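Raw entry04.txt, compact mmCIF, C-alpha atoms:
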```
# COMPACT_ATOMS: atom_id res chain seq x y z
CA MET A 1 5.74 18.59 29.59
CA ASN A 2 4.90 16.37 26.63
CA LYS A 3 2.50 18.45 24.58
CA SER A 4 1.05 17.45 21.22
CA ARG A 5 1.55 19.86 18.38
CA GLN A 6 -1.69 21.55 17.40
CA ARG A 7 -2.60 21.24 13.72
CA PRO A 8 -2.86 24.67 12.03
CA ILE A 9 -6.43 25.77 11.44
CA GLY A 10 -5.60 26.70 7.86
CA GLN A 11 -4.50 23.14 7.12
CA ILE A 12 -7.65 21.74 8.72
CA LEU A 13 -9.78 23.95 6.49
CA ILE A 14 -7.87 22.83 3.39
CA ASP A 15 -8.11 19.15 4.40
CA GLY A 16 -11.85 19.41 4.93
CA GLY A 17 -12.47 21.16 1.63
CA PHE A 18 -13.70 24.37 3.26
CA LEU A 19 -11.46 26.56 1.09
CA SER A 20 -8.81 26.44 -1.62
CA SER A 21 -5.06 26.75 -1.21
CA ARG A 22 -5.20 30.02 -3.14
CA ASP A 23 -7.72 31.49 -0.67
CA LEU A 24 -5.53 30.42 2.23
CA ASP A 25 -2.42 31.99 0.70
CA THR A 26 -4.33 35.24 0.15
CA ALA A 27 -5.58 35.22 3.73
CA LEU A 28 -2.11 34.56 5.15
CA ALA A 29 -0.73 37.49 3.18
CA GLU A 30 -3.56 39.71 4.41
CA GLN A 31 -2.99 38.56 7.98
CA GLN A 32 0.53 40.03 7.89
CA HIS A 33 -1.02 43.48 7.57
CA THR A 34 -4.01 43.18 9.88
CA ASN A 35 -2.64 41.01 12.75
CA GLU A 36 -6.10 39.40 12.98
CA MET A 37 -6.69 35.74 13.63
CA LEU A 38 -6.58 33.73 10.41
CA GLY A 39 -10.18 32.64 10.79
CA GLN A 40 -11.30 36.25 11.11
CA VAL A 41 -9.46 37.15 7.93
CA LEU A 42 -11.06 34.29 6.01
CA VAL A 43 -14.54 35.21 7.22
CA GLY A 44 -13.88 38.85 6.37
CA MET A 45 -12.80 37.84 2.87
CA GLY A 46 -16.13 36.08 2.42
CA VAL A 47 -14.56 32.70 1.60
CA LEU A 48 -15.53 31.05 4.89
CA GLU A 49 -18.77 31.10 6.88
CA PRO A 50 -18.49 31.80 10.62
CA VAL A 51 -20.39 28.58 11.35
CA ASP A 52 -17.89 26.54 9.30
CA LEU A 53 -14.97 28.20 11.09
CA GLN A 54 -16.44 27.34 14.48
CA ALA A 55 -16.90 23.71 13.44
CA ALA A 56 -13.26 23.45 12.34
CA LEU A 57 -12.02 25.08 15.55
CA THR A 58 -14.02 22.55 17.57
CA ILE A 59 -11.96 19.62 16.25
CA GLN A 60 -8.58 21.40 16.16
CA GLN A 61 -7.69 20.53 19.75
CA HIS A 62 -8.14 16.82 18.99
CA LEU A 63 -5.75 16.66 16.05
CA GLY A 64 -2.35 16.85 17.71
CA LYS A 65 -1.72 13.10 17.62
CA PRO A 66 -3.19 10.16 15.66
CA GLY A 67 -4.57 8.60 18.83
CA GLN A 68 -6.52 11.76 19.63
CA ALA A 69 -8.00 11.80 16.13
CA ILE A 70 -9.10 8.18 16.46
CA LYS A 71 -11.01 8.96 19.65
CA ILE A 72 -13.30 11.40 17.85
CA GLY A 73 -13.89 9.06 14.90
CA ALA A 74 -17.31 8.03 16.19
CA GLY A 75 -19.96 10.18 14.62
CA VAL A 76 -20.27 9.60 10.90
CA ARG A 77 -20.15 6.32 9.03
CA LYS A 78 -17.64 6.76 6.24
CA MET A 79 -16.25 4.37 3.68
CA LEU A 80 -12.52 3.77 3.55
CA GLY A 81 -11.96 4.77 -0.05
CA GLU A 82 -14.16 7.85 0.17
CA LEU A 83 -12.44 9.02 3.35
CA LEU A 84 -8.99 8.73 1.81
CA VAL A 85 -10.06 10.58 -1.34
CA GLN A 86 -11.80 13.34 0.62
CA ALA A 87 -8.76 13.67 2.86
CA GLY A 88 -6.66 14.33 -0.27
CA HIS A 89 -4.53 11.25 0.38
CA LEU A 90 -5.70 9.36 -2.71
CA SER A 91 -6.78 10.52 -6.13
CA ASN A 92 -9.90 9.05 -7.68
CA ASP A 93 -7.68 7.25 -10.19
CA ASP A 94 -5.65 5.73 -7.34
CA LEU A 95 -8.81 4.41 -5.72
CA ASP A 96 -10.24 3.07 -8.97
CA ARG A 97 -7.04 1.16 -9.73
CA ALA A 98 -6.95 -0.24 -6.21
CA LEU A 99 -10.57 -1.39 -6.43
CA VAL A 100 -9.94 -3.14 -9.76
CA LEU A 101 -6.90 -4.87 -8.29
CA GLN A 102 -8.90 -5.80 -5.22
CA LYS A 103 -11.53 -7.44 -7.42
CA ARG A 104 -8.93 -9.43 -9.31
CA SER A 105 -6.89 -10.51 -6.30
CA GLY A 106 -9.54 -10.89 -3.59
CA ALA A 107 -7.32 -9.05 -1.08
CA LYS A 108 -8.58 -6.38 1.31
CA LEU A 109 -8.53 -2.79 0.07
CA GLY A 110 -6.17 -1.65 2.82
CA GLU A 111 -3.67 -4.37 1.91
CA ILE A 112 -3.90 -3.38 -1.76
CA LEU A 113 -3.18 0.27 -0.91
CA VAL A 114 -0.13 -0.68 1.14
CA ARG A 115 1.25 -2.86 -1.65
CA MET A 116 0.70 -0.01 -4.10
CA GLY A 117 2.68 2.28 -1.78
CA LEU A 118 -0.31 4.58 -1.22
CA LEU A 119 -0.46 3.84 2.51
CA ASN A 120 2.22 2.70 4.91
CA GLU A 121 1.56 0.02 7.52
CA ARG A 122 1.23 2.51 10.38
CA GLN A 123 -1.24 4.61 8.43
CA LEU A 124 -3.31 1.53 7.62
CA ASP A 125 -3.41 0.52 11.30
CA PHE A 126 -4.68 3.96 12.31
CA VAL A 127 -7.19 4.13 9.44
CA LEU A 128 -8.65 0.75 10.40
CA GLU A 129 -8.81 1.78 14.05
CA PHE A 130 -10.53 5.01 13.00
CA GLN A 131 -13.13 2.97 11.11
CA ARG A 132 -13.67 0.71 14.09
CA SER A 133 -14.22 3.75 16.28
CA GLN A 134 -16.96 4.90 13.88
CA ASN A 135 -18.92 1.73 14.51
CA ARG A 136 -18.55 1.63 18.28
CA GLY A 137 -21.55 2.47 20.36
CA ARG A 138 -24.22 5.09 19.98
CA SER A 139 -22.98 7.70 22.43
CA SER A 140 -24.31 11.21 21.89
CA SER A 141 -21.03 12.99 22.64
CA GLY A 142 -18.08 13.73 20.37
CA PRO A 143 -17.33 16.64 18.03
CA LEU A 144 -18.23 14.64 14.90
CA LYS A 145 -21.69 13.73 16.15
CA LEU A 146 -24.46 15.48 14.19
CA GLY A 147 -26.05 16.85 17.35
CA GLU A 148 -22.78 18.32 18.61
CA ILE A 149 -22.17 19.98 15.24
CA MET A 150 -25.69 21.47 15.30
CA LEU A 151 -24.97 22.70 18.81
CA SER A 152 -21.61 24.29 17.95
CA ALA A 153 -23.20 25.95 14.92
CA GLY A 154 -25.80 27.58 17.18
CA TYR A 155 -28.72 25.87 15.41
CA ILE A 156 -30.01 24.21 18.60
CA SER A 157 -29.53 24.47 22.36
CA ARG A 158 -28.14 21.80 24.67
CA LEU A 159 -31.61 21.29 26.16
CA GLN A 160 -33.13 20.80 22.70
CA LEU A 161 -30.41 18.31 21.80
CA ASP A 162 -30.94 16.31 24.99
CA GLN A 163 -34.70 16.23 24.44
CA ALA A 164 -34.29 15.24 20.78
CA LEU A 165 -31.89 12.42 21.68
CA GLU A 166 -34.41 11.11 24.20
CA ARG A 167 -37.21 11.21 21.62
CA GLN A 168 -34.91 9.58 19.06
CA THR A 169 -34.36 6.63 21.40
CA ASP A 170 -38.12 6.15 21.77
CA SER A 171 -39.00 6.62 18.08
CA GLY A 172 -36.02 5.01 16.35
CA LYS A 173 -35.94 7.90 13.87
CA ARG A 174 -32.83 9.73 12.72
CA LEU A 175 -31.76 12.64 14.90
CA GLY A 176 -32.18 15.13 12.07
CA GLU A 177 -35.77 14.03 11.53
CA VAL A 178 -36.57 14.44 15.22
CA LEU A 179 -35.01 17.91 15.38
CA VAL A 180 -37.14 19.09 12.45
CA GLU A 181 -40.34 17.40 13.64
CA GLU A 182 -40.00 18.96 17.08
CA GLY A 183 -39.44 22.38 15.55
CA TYR A 184 -35.96 22.71 17.03
CA ALA A 185 -34.23 23.17 13.67
CA GLN A 186 -34.93 23.79 10.01
CA SER A 187 -34.27 21.05 7.45
CA HIS A 188 -31.59 23.16 5.74
CA HIS A 189 -29.78 23.45 9.08
CA VAL A 190 -29.69 19.67 9.36
CA LYS A 191 -28.41 19.30 5.79
CA HIS A 192 -25.68 21.86 6.43
CA ALA A 193 -24.64 20.05 9.61
CA MET A 194 -24.48 16.74 7.72
CA ARG A 195 -22.22 18.32 5.11
CA LEU A 196 -20.01 19.72 7.88
CA GLN A 197 -19.88 16.26 9.46
CA LYS A 198 -18.39 14.74 6.30
CA MET A 199 -15.94 17.60 5.76
CA LEU A 200 -14.74 17.42 9.36
CA ALA A 201 -14.29 13.65 9.08
CA ALA A 202 -12.07 14.19 6.03
CA ALA A 203 -10.02 16.77 7.95
CA VAL A 204 -9.60 14.37 10.86
CA MET A 205 -8.46 11.59 8.53
CA ALA A 206 -5.97 13.89 6.78
CA ALA A 207 -4.47 14.96 10.11
CA MET A 208 -4.17 11.38 11.26
CA LEU A 209 -2.46 10.22 8.06
CA ALA A 210 -0.03 13.14 8.15
CA ALA A 211 0.90 12.36 11.74
CA CYS A 212 1.61 8.74 10.73
CA GLY A 213 4.01 9.81 7.96
CA GLY A 214 4.10 8.70 4.33
CA GLY A 215 2.87 10.15 1.08
CA GLY A 216 -0.24 9.94 -1.06
CA GLY A 217 -2.73 12.48 -2.30
CA ASP A 218 -0.66 13.48 -5.32
CA GLY A 219 -1.09 10.53 -7.65
CA GLN A 220 2.14 8.94 -6.46
CA SER A 221 3.00 6.26 -3.97
CA ALA A 222 4.48 6.92 -0.54
CA ALA A 223 7.87 6.15 -1.98
CA GLY A 224 7.36 8.51 -4.90
CA VAL A 225 6.67 5.73 -7.42
CA PRO A 226 4.22 6.83 -10.13
CA SER A 227 0.84 5.09 -10.10
CA THR A 228 1.51 3.23 -13.36
CA ASP A 229 4.59 1.60 -11.81
CA SER A 230 2.68 0.70 -8.67
CA ASP A 231 0.07 -1.03 -10.85
CA LYS A 232 2.80 -3.23 -12.29
CA LEU A 233 4.24 -3.89 -8.84
CA ILE A 234 1.00 -5.05 -7.30
CA SER A 235 0.12 -7.13 -10.35
CA GLN A 236 3.41 -8.96 -9.89
CA ASN A 237 2.83 -9.39 -6.16
CA TYR A 238 -0.56 -11.01 -6.72
CA GLN A 239 0.37 -12.61 -10.05
CA VAL A 240 -2.73 -11.23 -11.70
CA GLN A 241 -3.24 -9.47 -14.99
CA VAL A 242 -5.48 -6.42 -14.70
CA GLN A 243 -7.66 -6.15 -17.78
CA ILE A 244 -9.87 -3.15 -17.15
CA ASP A 245 -11.51 -3.09 -20.59
CA SER A 246 -13.53 -6.30 -20.14
CA ASN A 247 -17.22 -6.16 -19.28
CA TYR A 248 -18.06 -6.46 -15.60
CA PHE A 249 -20.28 -4.93 -12.93
CA VAL A 250 -19.46 -6.56 -9.63
CA ALA A 251 -19.59 -6.10 -5.87
CA ASN A 252 -16.20 -6.46 -4.20
CA SER A 253 -17.46 -5.97 -0.66
CA ASP A 254 -21.04 -6.67 0.35
CA ASP A 255 -22.53 -7.01 3.83
CA PHE A 256 -26.10 -7.16 2.46
CA GLY A 257 -25.98 -10.59 0.80
CA LEU A 258 -26.36 -9.95 -2.92
CA GLN A 259 -27.22 -12.83 -5.22
CA ALA A 260 -24.58 -13.71 -7.79
CA PRO A 261 -25.46 -12.44 -11.30
CA THR A 262 -25.12 -14.67 -14.35
CA PHE A 263 -25.24 -11.94 -17.01
CA TYR A 264 -24.08 -8.33 -17.39
CA TYR A 265 -25.98 -6.16 -19.82
CA SER A 266 -25.71 -2.60 -21.12
CA THR A 267 -28.38 -0.54 -22.85
CA ASP A 268 -27.44 2.51 -24.91
CA ASN A 269 -30.13 4.45 -26.78
CA ASP A 270 -31.31 8.02 -27.33
CA LYS A 271 -33.14 8.12 -24.00
CA PHE A 272 -30.70 6.61 -21.53
CA TRP A 273 -27.60 4.53 -20.86
CA SER A 274 -27.53 1.80 -18.24
CA ILE A 275 -25.62 -1.24 -17.10
CA GLN A 276 -27.02 -3.99 -14.96
CA ALA A 277 -26.07 -7.28 -13.35
CA ASP A 278 -28.84 -9.86 -13.83
CA ILE A 279 -29.77 -13.42 -12.99
CA ALA A 280 -30.99 -14.95 -16.25
CA GLN A 281 -31.14 -18.21 -18.20
CA ASP A 282 -29.75 -16.51 -21.28
CA VAL A 283 -29.42 -13.06 -22.77
CA PHE A 284 -32.98 -13.23 -24.17
CA ASP A 285 -34.57 -14.34 -20.89
CA GLN A 286 -37.75 -12.31 -20.36
CA ASP A 287 -38.00 -13.39 -16.72
CA TYR A 288 -34.59 -12.14 -15.66
CA LEU A 289 -34.01 -10.84 -12.14
CA CYS A 290 -32.03 -7.62 -11.77
CA VAL A 291 -29.41 -7.58 -9.00
CA MET A 292 -27.84 -4.13 -9.57
CA ARG A 293 -28.33 -1.36 -12.09
CA ILE A 294 -26.86 2.06 -12.87
CA HIS A 295 -29.21 4.17 -14.99
CA ILE A 296 -28.42 7.61 -16.45
CA SER A 297 -30.90 9.53 -18.59
CA LYS A 298 -29.72 11.47 -21.64
CA GLU A 299 -30.63 15.03 -22.53
CA ASN A 300 -31.23 15.47 -26.26
CA GLY A 301 -29.50 12.14 -26.78
CA VAL A 302 -26.35 13.19 -24.90
CA LEU A 303 -25.04 11.72 -21.66
CA PRO A 304 -23.90 14.10 -18.93
CA GLU A 305 -20.14 14.22 -18.39
CA LEU A 306 -19.02 11.11 -16.53
CA ASN A 307 -15.40 12.01 -15.83
CA LYS A 308 -15.57 12.66 -12.10
CA THR A 309 -16.71 11.43 -8.72
CA PHE A 310 -20.38 11.93 -7.82
CA SER A 311 -22.20 11.75 -4.52
CA ILE A 312 -25.47 9.84 -4.29
CA GLU A 313 -26.64 12.42 -1.75
CA ASP A 314 -26.42 16.15 -2.35
CA THR A 315 -23.13 17.35 -0.86
CA PRO A 316 -20.85 20.31 -1.56
CA ARG A 317 -17.83 18.00 -1.78
CA PHE A 318 -18.98 16.17 -4.92
CA GLU A 319 -21.59 16.90 -7.55
CA GLN A 320 -24.84 14.98 -7.13
CA PHE A 321 -25.06 11.86 -9.31
CA PRO A 322 -27.19 12.60 -12.42
CA GLY A 323 -28.79 9.16 -12.41
CA VAL A 324 -29.93 6.36 -10.14
CA PHE A 325 -28.15 3.41 -8.57
CA LEU A 326 -30.54 0.51 -7.95
CA ILE A 327 -29.83 -2.54 -5.84
CA THR A 328 -32.87 -4.83 -6.09
CA ASN A 329 -31.17 -8.18 -5.42
CA GLY A 330 -33.61 -10.03 -7.64
CA GLN A 331 -36.65 -8.58 -5.85
CA GLU A 332 -39.48 -6.42 -7.19
CA SER A 333 -39.57 -4.18 -4.13
CA THR A 334 -38.45 -0.57 -4.51
CA LEU A 335 -37.86 -0.15 -0.77
CA ASN A 336 -34.17 -1.03 -0.90
CA LYS A 337 -32.76 2.46 -1.47
CA VAL A 338 -29.23 3.65 -2.13
CA GLU A 339 -29.18 7.01 -0.36
CA GLN A 340 -25.51 7.57 0.49
CA GLY A 341 -22.10 7.01 -1.07
CA THR A 342 -20.13 7.80 -4.18
CA ILE A 343 -19.80 6.69 -7.80
CA SER A 344 -16.54 7.48 -9.60
CA PHE A 345 -16.02 7.37 -13.37
CA GLU A 346 -12.68 7.31 -15.16
CA PRO A 347 -11.90 10.51 -17.11
CA ASP A 348 -12.46 9.08 -20.61
CA SER A 349 -15.59 7.06 -19.81
CA THR A 350 -18.01 8.74 -22.24
CA SER A 351 -15.67 9.49 -25.13
CA SER A 352 -14.07 6.04 -25.25
CA GLY A 353 -17.31 4.09 -25.46
CA MET A 354 -16.18 2.23 -22.32
CA VAL A 355 -17.76 3.39 -19.09
CA LYS A 356 -15.42 2.48 -16.23
CA GLY A 357 -15.39 3.30 -12.56
CA ALA A 358 -16.17 2.26 -9.01
CA TYR A 359 -18.90 2.66 -6.42
CA ASP A 360 -18.96 2.73 -2.64
CA VAL A 361 -22.52 3.10 -1.36
CA ILE A 362 -24.83 2.53 1.59
CA LEU A 363 -28.10 0.64 0.99
CA THR A 364 -31.01 1.29 3.36
CA ASP A 365 -33.39 -1.68 3.62
CA TYR A 366 -36.83 -0.18 4.18
CA ASP A 367 -38.35 -3.62 3.51
CA SER A 368 -37.11 -4.61 6.93
CA GLN A 369 -39.42 -4.52 9.93
CA LEU A 370 -36.58 -3.23 12.08
CA THR A 371 -36.50 0.38 13.32
CA PRO A 372 -34.41 2.18 12.34
CA ALA A 373 -34.10 0.54 8.93
CA PRO A 374 -30.79 -1.35 8.67
CA GLU A 375 -28.03 -0.04 6.41
CA TYR A 376 -25.53 -2.08 4.41
CA ARG A 377 -22.31 -1.04 2.72
CA ILE A 378 -21.68 -2.30 -0.83
CA THR A 379 -18.56 -1.50 -2.87
CA GLY A 380 -17.56 -2.59 -6.33
CA VAL A 381 -16.27 -1.75 -9.78
CA PHE A 382 -17.67 -1.65 -13.30
CA SER A 383 -16.27 -1.50 -16.81
CA PHE A 384 -18.59 -1.84 -19.78
CA LYS A 385 -18.57 -1.25 -23.49
CA MET A 386 -21.75 0.65 -24.11
CA GLY A 387 -24.55 -1.38 -25.66
CA THR A 388 -23.08 -4.87 -25.14
CA TYR A 389 -23.68 -7.88 -22.90
CA SER A 390 -21.49 -10.51 -21.29
CA GLN A 391 -21.88 -13.70 -19.32
CA ALA A 392 -20.75 -13.43 -15.70
```
Transcribe the structure of this file into structure tokens.
Amino acid sequence: MNKSRQRPIGQILIDGGFLSSRDLDTALAEQQHTNEMLGQVLVGMGVLEPVDLQAALTIQQHLGKPGQAIKIGAGVRKMLGELLVQAGHLSNDDLDRALVLQKRSGAKLGEILVRMGLLNERQLDFVLEFQRSQNRGRSSSGPLKLGEIMLSAGYISRLQLDQALERQTDSGKRLGEVLVEEGYAQSHHVKHAMRLQKMLAAAVMAAMLAACGGGGGDGQSAAGVPSTDSDKLISQNYQVQVQIDSNYFVANSDDFGLQAPTFYYSTDNDKFWSIQADIAQDVFDQDYLCVMRIHISKENGVLPELNKTFSIEDTPRFEQFPGVFLITNGQESTLNKVEQGTISFEPDSTSSGMVKGAYDVILTDYDSQLTPAPEYRITGVFSFKMGTYSQA
């Protein structure tokens, strides 16, 4: 019989960020003496919650082959770059370089990553198919669906889930909201399930990429070429010069329809630091229209450390962003809200006086009369000398 090889539960837990490699090594050593199941050992050590273990076990049977992983992709809308970073296939630096090169060349991110040697063609095909599966339909089944995760965690019953899904269809509200409103679950249960959803998606992606072969995840290309060499290679392929120290704050990918800014501006004072992309007649225009803005308040005149990747929402995978990301698109309304996604800063952003990085976010348009409110993905890069301005 042609059986797929089951992915080890320990590897799934590492891929999803449930535990560290050190904890896994300790548990494996302990398992030699106790003959317990690995999951039992990890729970007994106190490094893994029983609910998290059950969630990981639920997807294990689907991770034998790439095709099986694709089938369970539907469930959580994830952005390509974020998925690859969370799956440990790319470093944040890899993604930042690829996004800068994407901006300069106009090519698709997947194509950039292949040319850099960070994905092979087969991996890219499966990743794109995985993304397509995320956007197909609204079926309630599948181990990555929020309701199914809540069910496997024991937070709700099947009857409660079915009733909540029916009410969700009538109300147009998010499933988590319905579950809380109906008294079926606590809000912290919903938040925990949403975190599990993202971690499981990362584990699925990691399993799929590993089954497709190739490298990544260690700051090197699939062929073992260091990232600095791959930068040179892709620059030659596209015949572009990557100058990451110039001032810019741009959207590379935008399905919302942002207006094109004419000026980029940075403010740096004792209270806050910000950069924004504006539509203006000149730098002194008092009637400018803001398109995008990143704003970070200072504490005692000092910026928080900006040398990492932040989540817009509160997740255990990344620290919550200590600022706000505004996408106003030249409007005065405050109902366009960035509620999901990531912002990544290069390691030397604060100390160098240049704040550089990338963003990959979801904008919810509460101005819309549609229910539920439509969501739009916007990705881009920024690099700005603090306290300066530039023409777009």
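Atom pair atom CA of A:Asn252 / atom CA of A:Arg195: separated by 27.1 Å.
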re atom CA of A:Leu99 and atom CA of A:Asp365: distance 24.9 Å
Give me the box for stretch 88-95 of chain A as JSON, namely the centre and edge lengths in Å to one decimal of a box along x, y and z that holds every listed atom plus 3 Å on each side.
```
{"center_x": -7.2, "center_y": 9.4, "center_z": -4.9, "size_x": 11.4, "size_y": 15.9, "size_z": 16.6}
```
Computed interatomic separation between atom CA of A:Gly110 and atom CA of A:Leu144 (Å):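 Value for the atom CA of A:Gly110-atom CA of A:Leu144 distance: 23.6 Å.
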Which neighbours of A:Thr309 fall inside 10 Å, counting only C-alpha atoms, when residues of the same chain fewer than 3 positions from it are skipped, and could you give them as JSON, numbers by chain? {"A": [82, 85, 92, 306, 312, 317, 318, 319, 320, 321, 342, 343, 344, 345, 346, 347, 357, 358, 359]}
Those selected residues, please, written with C-alpha atoms and delivered as a JSON list (two decimals), keeping the file's coordinate frame.
```json
[["chain", "number", "residue", "atom", "x", "y", "z"],
["A", 82, "GLU", "CA", -14.16, 7.85, 0.17],
["A", 85, "VAL", "CA", -10.06, 10.58, -1.34],
["A", 92, "ASN", "CA", -9.90, 9.05, -7.68],
["A", 306, "LEU", "CA", -19.02, 11.11, -16.53],
["A", 312, "ILE", "CA", -25.47, 9.84, -4.29],
["A", 317, "ARG", "CA", -17.83, 18.00, -1.78],
["A", 318, "PHE", "CA", -18.98, 16.17, -4.92],
["A", 319, "GLU", "CA", -21.59, 16.90, -7.55],
["A", 320, "GLN", "CA", -24.84, 14.98, -7.13],
["A", 321, "PHE", "CA", -25.06, 11.86, -9.31],
["A", 342, "THR", "CA", -20.13, 7.80, -4.18],
["A", 343, "ILE", "CA", -19.80, 6.69, -7.80],
["A", 344, "SER", "CA", -16.54, 7.48, -9.60],
["A", 345, "PHE", "CA", -16.02, 7.37, -13.37],
["A", 346, "GLU", "CA", -12.68, 7.31, -15.16],
["A", 347, "PRO", "CA", -11.90, 10.51, -17.11],
["A", 357, "GLY", "CA", -15.39, 3.30, -12.56],
["A", 358, "ALA", "CA", -16.17, 2.26, -9.01],
["A", 359, "TYR", "CA", -18.90, 2.66, -6.42]]
```
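Of the residues listed (A:Thr315, A:Thr267, A:Asn329, A:Gln286), A:Thr267 shows the shortest atom-to-atom separation from A:Met386; distances use only C-alpha atoms.
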Near-A:Ser274 list (7 Å; all atoms listed in the file; drop same-chain fewer than 5 positions) as JSON, numbers by chain: {"A": [266, 267, 268, 293, 294, 295, 296]}
Counting only C-alpha atoms, I want the residues whose atoms come within 10 Å of (-18.0, 25.8, 12.0) in the file frame, returned as a list of chain:residue names.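 Checking each residue against the 10 Å limit leaves A:Phe18, A:Leu48, A:Glu49, A:Pro50, A:Val51, A:Asp52, A:Leu53, A:Gln54, A:Ala55, A:Ala56, A:Leu57, A:Thr58, A:Ile59, A:Ile149, A:Met150, A:Ser152, A:Ala153, A:Gly154, A:Ala193, A:Leu196, A:Leu200.
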With C-alpha atoms retained, could you export that selection as a compact mmCIF listing (two decimals), keeping the file's coordinate frame?
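Ended up saving to selection_19.txt:
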```
# COMPACT_ATOMS: atom_id res chain seq x y z
CA PHE A 18 -13.70 24.37 3.26
CA LEU A 48 -15.53 31.05 4.89
CA GLU A 49 -18.77 31.10 6.88
CA PRO A 50 -18.49 31.80 10.62
CA VAL A 51 -20.39 28.58 11.35
CA ASP A 52 -17.89 26.54 9.30
CA LEU A 53 -14.97 28.20 11.09
CA GLN A 54 -16.44 27.34 14.48
CA ALA A 55 -16.90 23.71 13.44
CA ALA A 56 -13.26 23.45 12.34
CA LEU A 57 -12.02 25.08 15.55
CA THR A 58 -14.02 22.55 17.57
CA ILE A 59 -11.96 19.62 16.25
CA ILE A 149 -22.17 19.98 15.24
CA MET A 150 -25.69 21.47 15.30
CA SER A 152 -21.61 24.29 17.95
CA ALA A 153 -23.20 25.95 14.92
CA GLY A 154 -25.80 27.58 17.18
CA ALA A 193 -24.64 20.05 9.61
CA LEU A 196 -20.01 19.72 7.88
CA LEU A 200 -14.74 17.42 9.36
```
Could you name the residues that touch stretch 34-38 of chain A at 9 Å or less, counting only C-alpha atoms, but leaving out those on the same chain fewer than 5 positions away, as a VMD selection string? chain A and resid 9 to 10 24 27 to 28 43
For A:Ala260, find every residue with an atom within 12 Å (counting only C-alpha atoms), except residues of its own chain fewer than 2 positions away, and show them as a ChimeraX atom specification. /A:249-252,254,257-258,262-264,277-280,289-292,329-330,391-392
Using all atoms listed in the file, determine which residues lie at most 12 Å from A:Gly387, disregarding the query and same-chain residues fewer than 2 positions distant; provide the list as a list in words. Asn247, Tyr264, Tyr265, Ser266, Thr267, Asp268, Asn269, Asp270, Phe272, Trp273, Ser274, Ile275, Gln276, Gly353, Met354, Val355, Phe384, Lys385, Tyr389 and Ser390 of chain A
Of the residues A:Ser246, A:Thr364, A:Ser157, A:Thr328, which is the one nearest to A:Val381, using all atoms listed in the file?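 Using all atoms listed in the file, A:Val381 sits closest to A:Ser246.
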Considering only C-alpha atoms, state which residue in the set A:Gln281, A:Asp93, A:Val324, A:Val100 is at the smallest distance from A:Asp348. A:Asp93
